[in-house]
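J.: Have a peek at my_file.cif (mmCIF, C-alpha atoms).
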```cif
data_start
#
loop_
_atom_site.label_atom_id
_atom_site.label_comp_id
_atom_site.auth_asym_id
_atom_site.auth_seq_id
_atom_site.Cartn_x
_atom_site.Cartn_y
_atom_site.Cartn_z
CA MET A 1 -27.45 -3.85 -5.55
CA SER A 2 -26.10 -6.97 -7.16
CA LYS A 3 -25.26 -6.00 -10.74
CA ARG A 4 -22.58 -7.30 -13.04
CA ARG A 5 -19.25 -5.65 -12.73
CA LYS A 6 -15.73 -6.69 -13.48
CA ILE A 7 -12.39 -5.81 -11.99
CA LEU A 8 -9.02 -6.57 -13.42
CA GLY A 9 -6.03 -7.64 -11.39
CA ILE A 10 -3.22 -5.93 -13.26
CA LEU A 11 0.45 -6.28 -12.52
CA ALA A 12 3.22 -4.08 -13.86
CA ILE A 13 6.93 -4.36 -13.18
CA SER A 14 9.67 -1.77 -13.58
CA ALA A 15 13.07 -0.92 -12.19
CA LEU A 16 13.70 2.66 -11.24
CA VAL A 17 17.41 3.29 -11.56
CA ALA A 18 18.93 6.29 -9.79
CA GLY A 19 21.79 7.83 -11.75
CA VAL A 20 21.63 5.43 -14.72
CA SER A 21 19.51 5.67 -17.86
CA ILE A 22 19.07 2.39 -19.74
CA SER A 23 16.12 0.35 -20.94
CA GLY A 24 14.52 -2.63 -19.24
CA THR A 25 14.96 -3.60 -15.63
CA MET A 26 18.75 -3.63 -15.49
CA ALA A 27 21.12 -1.09 -13.97
CA TYR A 28 24.88 -0.93 -14.30
CA LEU A 29 26.27 -1.15 -10.77
CA THR A 30 29.72 -1.77 -9.36
CA ASP A 31 29.75 -5.34 -8.10
CA ARG A 32 33.49 -5.91 -7.71
CA LYS A 33 36.55 -3.75 -8.12
CA GLU A 34 40.05 -5.16 -8.58
CA VAL A 35 43.44 -3.48 -8.38
CA THR A 36 43.48 -3.17 -12.18
CA ASN A 37 40.30 -1.05 -11.94
CA ASN A 38 38.19 -3.59 -13.79
CA PHE A 39 34.46 -3.58 -13.01
CA THR A 40 31.84 -6.26 -13.24
CA VAL A 41 28.26 -5.44 -14.14
CA GLY A 42 25.59 -5.88 -11.50
CA LYS A 43 21.86 -5.99 -12.03
CA VAL A 44 18.71 -4.66 -10.38
CA GLU A 45 15.84 -6.96 -11.33
CA ILE A 46 12.60 -7.85 -9.58
CA GLU A 47 9.55 -10.04 -9.99
CA GLY A 48 6.14 -8.94 -8.75
CA SER A 49 3.38 -11.40 -7.96
CA GLU A 50 0.02 -11.88 -6.23
CA PRO A 51 0.06 -15.60 -5.43
CA ASP A 52 -3.36 -15.63 -3.71
CA TRP A 53 -5.25 -13.67 -6.40
CA ASP A 54 -7.60 -16.31 -7.79
CA PRO A 55 -11.01 -14.75 -8.56
CA ASP A 56 -11.85 -17.54 -11.02
CA GLY A 57 -11.52 -20.16 -8.28
CA ASP A 58 -9.51 -22.45 -10.54
CA GLY A 59 -6.47 -22.66 -8.26
CA GLU A 60 -4.34 -20.55 -10.59
CA PRO A 61 -3.22 -16.96 -9.84
CA GLY A 62 -4.39 -14.21 -12.14
CA GLY A 63 -7.72 -13.79 -13.87
CA ILE A 64 -10.71 -11.46 -13.74
CA ALA A 65 -13.32 -11.09 -11.01
CA GLU A 66 -16.70 -11.08 -12.73
CA HIS A 67 -20.29 -10.34 -11.61
CA VAL A 68 -18.97 -8.32 -8.67
CA VAL A 69 -21.45 -7.43 -5.92
CA PRO A 70 -21.23 -4.74 -3.20
CA THR A 71 -18.92 -5.56 -0.24
CA GLN A 72 -17.51 -8.60 -2.04
CA SER A 73 -13.96 -9.38 -0.92
CA TRP A 74 -11.01 -11.23 -2.47
CA ALA A 75 -7.58 -12.39 -1.40
CA LYS A 76 -4.99 -10.15 -3.08
CA ASN A 77 -1.41 -10.07 -1.76
CA PRO A 78 1.10 -8.15 -3.90
CA GLN A 79 4.74 -8.85 -3.10
CA ILE A 80 8.18 -8.51 -4.67
CA ARG A 81 11.09 -10.91 -5.13
CA ASN A 82 14.61 -9.66 -5.83
CA VAL A 83 15.91 -11.83 -8.68
CA GLY A 84 18.85 -9.55 -9.48
CA GLU A 85 22.41 -9.50 -8.22
CA ASN A 86 22.30 -6.42 -6.01
CA PRO A 87 20.30 -5.32 -2.97
CA ALA A 88 17.52 -2.85 -3.74
CA TYR A 89 14.89 -0.60 -2.31
CA VAL A 90 11.54 -1.85 -3.55
CA PHE A 91 8.23 -0.08 -3.95
CA ILE A 92 4.65 -0.95 -4.83
CA GLU A 93 2.24 1.49 -6.43
CA VAL A 94 -1.49 0.76 -6.16
CA ARG A 95 -4.09 2.58 -8.25
CA VAL A 96 -7.60 2.37 -6.82
CA PRO A 97 -10.43 3.60 -9.10
CA MET A 98 -12.62 6.41 -7.78
CA ALA A 99 -16.12 7.58 -8.70
CA ASP A 100 -18.91 9.92 -7.60
CA VAL A 101 -21.49 7.41 -6.38
CA VAL A 102 -24.23 6.90 -3.82
CA TYR A 103 -23.40 4.18 -1.29
CA THR A 104 -25.00 2.65 1.80
CA ASN A 105 -23.87 1.20 5.12
CA SER A 106 -24.52 -2.39 6.18
CA GLN A 107 -28.13 -1.52 7.18
CA GLY A 108 -28.86 -0.25 3.68
CA ILE A 109 -29.02 3.39 4.81
CA ARG A 110 -27.72 5.80 2.19
CA GLN A 111 -24.70 7.76 3.38
CA ASN A 112 -23.67 11.38 2.67
CA ASN A 113 -27.34 12.43 2.97
CA GLY A 114 -28.12 10.27 -0.03
CA GLU A 115 -25.94 12.39 -2.34
CA PRO A 116 -23.11 11.06 -4.52
CA ALA A 117 -19.75 11.03 -2.74
CA HIS A 118 -16.32 10.97 -4.36
CA ILE A 119 -14.98 7.66 -2.98
CA GLU A 120 -12.45 4.94 -3.64
CA LEU A 121 -14.33 1.94 -4.99
CA PHE A 122 -12.10 -0.60 -3.22
CA GLU A 123 -10.55 -0.89 0.23
CA PHE A 124 -7.39 -2.93 0.83
CA ASP A 125 -6.38 -4.30 4.23
CA SER A 126 -4.30 -6.86 6.05
CA GLU A 127 -5.94 -10.22 6.60
CA SER A 128 -6.40 -9.54 10.30
CA ALA A 129 -7.82 -6.01 9.92
CA THR A 130 -11.53 -5.34 10.29
CA THR A 131 -12.83 -4.38 6.87
CA GLN A 132 -14.55 -1.05 7.36
CA THR A 133 -16.43 -1.40 4.07
CA LEU A 134 -18.55 -4.20 5.52
CA SER A 135 -20.05 -1.83 8.09
CA ASP A 136 -19.77 1.69 6.66
CA GLY A 137 -20.06 0.96 2.94
CA VAL A 138 -16.64 2.39 2.12
CA GLY A 139 -13.37 2.03 3.99
CA ILE A 140 -9.92 3.46 4.64
CA SER A 141 -7.20 1.34 3.04
CA GLU A 142 -4.28 0.21 5.19
CA GLN A 143 -1.08 -1.66 4.39
CA ASN A 144 0.76 -4.29 6.41
CA SER A 145 3.27 -3.05 8.99
CA GLU A 146 6.37 -4.02 6.97
CA TRP A 147 5.52 -1.30 4.42
CA THR A 148 5.38 2.51 4.69
CA GLN A 149 3.19 4.82 2.63
CA ILE A 150 5.36 7.53 1.07
CA LYS A 151 2.93 9.12 -1.36
CA LYS A 152 -0.80 9.40 -2.03
CA GLU A 153 -2.46 11.47 -4.76
CA GLU A 154 -5.50 11.39 -7.01
CA LEU A 155 -4.54 11.01 -10.65
CA ASP A 156 -6.63 10.29 -13.74
CA GLY A 157 -9.64 9.00 -11.81
CA ASN A 158 -7.59 6.86 -9.42
CA MET A 159 -6.24 7.25 -5.92
CA VAL A 160 -2.58 6.41 -6.41
CA TYR A 161 -0.72 5.02 -3.38
CA THR A 162 3.05 4.50 -3.28
CA PHE A 163 4.61 2.30 -0.59
CA CYS A 164 8.21 1.43 0.22
CA TYR A 165 9.37 -1.76 1.88
CA ASN A 166 10.84 -0.97 5.29
CA SER A 167 14.03 -2.99 4.68
CA VAL A 168 16.55 -3.35 1.90
CA LEU A 169 15.61 -6.38 -0.19
CA ASP A 170 18.59 -8.66 -0.71
CA PRO A 171 19.03 -10.89 -3.77
CA GLU A 172 16.80 -14.00 -3.74
CA SER A 173 14.66 -12.51 -0.97
CA THR A 174 10.91 -11.82 -1.09
CA THR A 175 8.96 -9.12 0.70
CA SER A 176 5.96 -9.75 2.87
CA PRO A 177 2.67 -8.86 1.13
CA LEU A 178 1.75 -5.18 0.95
CA PHE A 179 -1.81 -6.14 1.93
CA ASP A 180 -3.90 -9.31 1.93
CA ARG A 181 -7.45 -8.49 0.77
CA ILE A 182 -9.48 -5.99 -1.24
CA THR A 183 -13.19 -5.27 -0.78
CA PHE A 184 -15.63 -3.58 -3.14
CA ALA A 185 -17.61 -0.60 -1.81
CA ASN A 186 -21.34 -0.88 -1.01
CA VAL A 187 -22.40 1.05 -4.11
CA VAL A 188 -26.09 1.49 -4.92
CA GLU A 189 -27.09 -0.28 -8.13
CA GLY A 190 -27.47 1.43 -11.48
CA GLN A 191 -24.46 3.76 -11.22
CA ILE A 192 -21.42 1.87 -12.52
CA ASP A 193 -23.08 -1.33 -13.74
CA GLY A 194 -21.22 -3.07 -16.55
CA GLN A 195 -18.03 -1.05 -16.14
CA ASN A 196 -14.61 -2.71 -16.08
CA LEU A 197 -12.73 -1.52 -13.00
CA ALA A 198 -8.98 -2.04 -12.77
CA VAL A 199 -7.03 -2.17 -9.52
CA ASP A 200 -3.60 -1.57 -11.02
CA VAL A 201 -0.55 -2.78 -9.04
CA ARG A 202 2.94 -1.79 -10.17
CA PHE A 203 6.28 -2.93 -8.80
CA HIS A 204 9.48 -0.84 -8.73
CA ALA A 205 13.08 -1.15 -7.55
CA ILE A 206 15.97 1.26 -7.06
CA GLN A 207 19.59 0.36 -6.48
CA VAL A 208 20.88 0.78 -2.92
CA VAL A 209 24.50 1.59 -3.78
CA ASP A 210 25.32 5.31 -4.10
CA THR A 211 21.73 6.52 -3.80
CA VAL A 212 21.48 7.69 -0.20
CA SER A 213 23.90 8.10 2.66
CA GLU A 214 22.17 5.83 5.19
CA ALA A 215 20.59 2.65 3.86
CA GLY A 216 18.09 0.25 5.35
CA THR A 217 15.30 2.53 6.62
CA PRO A 218 11.98 3.74 5.19
CA GLU A 219 13.39 7.27 5.24
CA ALA A 220 16.35 6.18 3.10
CA ALA A 221 14.02 4.40 0.68
CA LYS A 222 11.88 7.52 0.38
CA GLU A 223 14.98 9.64 -0.23
CA ALA A 224 16.06 7.28 -3.01
CA PHE A 225 12.60 7.42 -4.55
CA ASN A 226 12.58 11.22 -4.49
CA LEU A 227 16.03 11.31 -6.07
CA TYR A 228 14.71 9.15 -8.88
CA LEU A 229 11.66 11.39 -9.37
CA ASN A 230 13.78 14.55 -9.40
CA GLN A 231 16.22 13.03 -11.87
CA ASN A 232 13.48 12.03 -14.27
CA GLN A 233 11.64 15.33 -13.89
CA THR A 234 14.81 17.15 -14.94
CA LEU A 235 15.23 14.78 -17.89
CA ALA A 236 11.60 15.34 -19.00
CA GLU A 237 12.02 19.12 -18.83
CA THR A 238 15.22 18.94 -20.89
CA GLU A 239 13.58 16.78 -23.56
CA THR A 240 10.48 18.99 -23.84
CA GLY A 241 12.29 22.30 -23.57
CA ALA A 242 10.40 23.25 -20.41
CA PRO A 243 12.01 25.92 -18.20
#
```
I need this file expressed as structure tokens, please.

T.:
Amino acid sequence: MSKRRKILGILAISALVAGVSISGTMAYLTDRKEVTNNFTVGKVEIEGSEPDWDPDGDGEPGGIAEHVVPTQSWAKNPQIRNVGENPAYVFIEVRVPMADVVYTNSQGIRQNNGEPAHIELFEFDSESATTQTLSDGVGISEQNSEWTQIKKEELDGNMVYTFCYNSVLDPESTTSPLFDRITFANVVEGQIDGQNLAVDVRFHAIQVVDTVSEAGTPEAAKEAFNLYLNQNQTLAETETGAP
């Protein structure tokens, strides 16, 4: 079952701005108001990182995991730093590749009656969690407790997870990691050999001011995220002429 495979650790950063449409990761926000009604310009800006992702073993973050074998595990800890001037809700989106494959448990017994199953090819977990993949061949991904899952859907051959941080992220602050490790499923050889598999991690931020009525909770973050999605759905329909 040990065939050559590769996975890519991919990072993407964006700022989702509720009520403002501009390019890049900046949003115009009211930072200070004086009696003359002058306004300063605030900024929503984030940096995403995975400081422990080092599949090359060279002591530097980033890189590609090569010659991947079933149930192999790596440290991978996506997190966000607020480098802007305003507090923000922050979100991480994780795209886990899926495939119809035959897989086995730790005793080498083929699961699903030996038939291909539509599974996620990687499981992510906290460092302290028992990795289910090691025993069952495929696992259920779980995030750390400081994050809340707000969306999960299959899209374009990936299971797409969206998580919000449970607290407002103040300027110069960094979140705890969304998770700490990923593990490759116990896939029987000869099915996806030689393929490049990407676990795509994307980072997002939305301004706190004037987005929701009650800030600082996962529910408020989810409300802000939905407002952003609704706003951009309306914009897309207007641009395409959709009803």

J.: Determine the nearest neighbour of A:Glu154 from the options A:Gly190, A:Pro177, A:Pro97, A:Gly62, counting all atoms listed in the file.

T.: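 Counting all atoms listed in the file, the residue closest to A:Glu154 is A:Pro97.
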
J.: Written as a ChimeraX atom specification, which residues does the PyMOL selection byres ((chain A and resi 108) around 12) give for the file shown?

T.: /A:1,70-71,102-107,109-111,114,134-137,186-189

J.: Would you mind telling me which residue in A:Phe225, A:Tyr161, A:Phe203, A:Trp74 lies nearest to A:Thr131 when using only C-alpha atoms?

T.: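 Checking each candidate against A:Thr131, we get A:Trp74 as the closest.
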
J.: Using all atoms listed in the file, which protein or nucleic acid residues come within 8 Å of A:Phe122? Drop anything in the same chain fewer than 6 positions from it, and give the result as a PDB file with C-alpha atoms, in the coordinates of the input.

T.:
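File around28.pdb, as written:
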```
ATOM      1  CA  VAL A  96      -7.600   2.370  -6.820  1.00  0.00           C
ATOM      2  CA  PRO A  97     -10.430   3.600  -9.100  1.00  0.00           C
ATOM      3  CA  VAL A 138     -16.640   2.390   2.120  1.00  0.00           C
ATOM      4  CA  GLY A 139     -13.370   2.030   3.990  1.00  0.00           C
ATOM      5  CA  ILE A 182      -9.480  -5.990  -1.240  1.00  0.00           C
ATOM      6  CA  THR A 183     -13.190  -5.270  -0.780  1.00  0.00           C
ATOM      7  CA  PHE A 184     -15.630  -3.580  -3.140  1.00  0.00           C
ATOM      8  CA  ALA A 185     -17.610  -0.600  -1.810  1.00  0.00           C
TER       9      ALA A 185
END
```

J.: I need the residue nearest A:Ser73 from this list: A:Gln195, A:Thr133, A:Asn230, A:Thr162. Use all atoms listed in the file for the distance.

T.: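 For A:Ser73, the nearest of the given residues is A:Thr133.
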
J.: Step by step: start from the point (1.9, -6.9, 5.3) in the file's coordinates, keep every protein, DNA or RNA residue that has an atom no farther than 9 Å from it, count only C-alpha atoms, and write the set as a list of chain:residue names.

T.: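 Here is the list of nearby residues: A:Asn77, A:Asp125, A:Ser126, A:Glu127, A:Gln143, A:Asn144, A:Ser145, A:Glu146, A:Trp147, A:Thr175, A:Ser176, A:Pro177, A:Leu178, A:Phe179, A:Asp180.
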
J.: In the coordinates of the file, take the point (-20.2, 9.5, -6.5) and a cut-off of 6 Å; then, counting all atoms listed in the file, name each qualifying protein, DNA or RNA residue as a list in words.

T.: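 Result, sorted by chain then residue number: Ala99, Asp100, Val101, Val102, Pro116, Ala117 and His118 of chain A.
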
J.: Please expand the PyMOL selection byres ((chain A and resi 49-55) around 8) into the concrete residues it hits in this file, giving the result as an MDAnalysis selection string.

T.: chainID A and resid 9 11 47:48 56:66 74:80

J.: Could you write those residues out with C-alpha atoms, as a PDB file, keeping the file's coordinate frame?

T.:
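What ended up in again.pdb:
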```
ATOM      1  CA  GLY A   9      -6.030  -7.640 -11.390  1.00  0.00           C
ATOM      2  CA  LEU A  11       0.450  -6.280 -12.520  1.00  0.00           C
ATOM      3  CA  GLU A  47       9.550 -10.040  -9.990  1.00  0.00           C
ATOM      4  CA  GLY A  48       6.140  -8.940  -8.750  1.00  0.00           C
ATOM      5  CA  ASP A  56     -11.850 -17.540 -11.020  1.00  0.00           C
ATOM      6  CA  GLY A  57     -11.520 -20.160  -8.280  1.00  0.00           C
ATOM      7  CA  ASP A  58      -9.510 -22.450 -10.540  1.00  0.00           C
ATOM      8  CA  GLY A  59      -6.470 -22.660  -8.260  1.00  0.00           C
ATOM      9  CA  GLU A  60      -4.340 -20.550 -10.590  1.00  0.00           C
ATOM     10  CA  PRO A  61      -3.220 -16.960  -9.840  1.00  0.00           C
ATOM     11  CA  GLY A  62      -4.390 -14.210 -12.140  1.00  0.00           C
ATOM     12  CA  GLY A  63      -7.720 -13.790 -13.870  1.00  0.00           C
ATOM     13  CA  ILE A  64     -10.710 -11.460 -13.740  1.00  0.00           C
ATOM     14  CA  ALA A  65     -13.320 -11.090 -11.010  1.00  0.00           C
ATOM     15  CA  GLU A  66     -16.700 -11.080 -12.730  1.00  0.00           C
ATOM     16  CA  TRP A  74     -11.010 -11.230  -2.470  1.00  0.00           C
ATOM     17  CA  ALA A  75      -7.580 -12.390  -1.400  1.00  0.00           C
ATOM     18  CA  LYS A  76      -4.990 -10.150  -3.080  1.00  0.00           C
ATOM     19  CA  ASN A  77      -1.410 -10.070  -1.760  1.00  0.00           C
ATOM     20  CA  PRO A  78       1.100  -8.150  -3.900  1.00  0.00           C
ATOM     21  CA  GLN A  79       4.740  -8.850  -3.100  1.00  0.00           C
ATOM     22  CA  ILE A  80       8.180  -8.510  -4.670  1.00  0.00           C
TER      23      ILE A  80
END
```

J.: If you apply the PyMOL selection byres ((chain A and resi 84) around 6) to this file, what residues do you get, as a ChimeraX atom specification?

T.: /A:43-45,82-83,85-86,171

J.: For the residues in that selection, give me C-alpha atoms as a compact mmCIF listing (two decimals), in the coordinates of the input.

T.:
```txt
# COMPACT_ATOMS: atom_id res chain seq x y z
CA LYS A 43 21.86 -5.99 -12.03
CA VAL A 44 18.71 -4.66 -10.38
CA GLU A 45 15.84 -6.96 -11.33
CA ASN A 82 14.61 -9.66 -5.83
CA VAL A 83 15.91 -11.83 -8.68
CA GLU A 85 22.41 -9.50 -8.22
CA ASN A 86 22.30 -6.42 -6.01
CA PRO A 171 19.03 -10.89 -3.77
```

J.: May I have the residues within 6 Å of A:Val168 as a PDB file with C-alpha atoms, in the frame of the given file, using only C-alpha atoms and disregarding those fewer than 5 positions away in the same chain?

T.:
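Once everything was written out, this is selection-v4.pdb:
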```pdb
ATOM      1  CA  ALA A  88      17.520  -2.850  -3.740  1.00  0.00           C
ATOM      2  CA  TYR A  89      14.890  -0.600  -2.310  1.00  0.00           C
ATOM      3  CA  GLY A 216      18.090   0.250   5.350  1.00  0.00           C
TER       4      GLY A 216
END
```

J.: Could you check how far atom CA of A:Met98 sits from atom CA of A:Met159, in Å to one decimal?

T.: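 Atom CA of A:Met159 lies 6.7 Å from atom CA of A:Met98.
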
J.: Do you have the atom CA of A:Asn166-atom CA of A:Arg81 distance handy?

T.: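 Between atom CA of A:Asn166 and atom CA of A:Arg81 the gap is 14.4 Å.
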
J.: Of the residues A:Arg95, A:Ser173, A:Asn112, A:Tyr165, which is the one nearest to A:Ser141, using all atoms listed in the file?

T.: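 For A:Ser141, the nearest of the given residues is A:Arg95.
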
J.: Report, in Å with one decimal, the straight-line distance from atom CA of A:Ala129 to atom CA of A:Ile92.

T.: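 Atom CA of A:Ile92 lies 20.0 Å from atom CA of A:Ala129.
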
J.: Quick one: of A:Val199, A:Asn158, A:Lys151, A:Val208, who's nearest to A:Ile119, counting all atoms listed in the file?

T.: A:Asn158
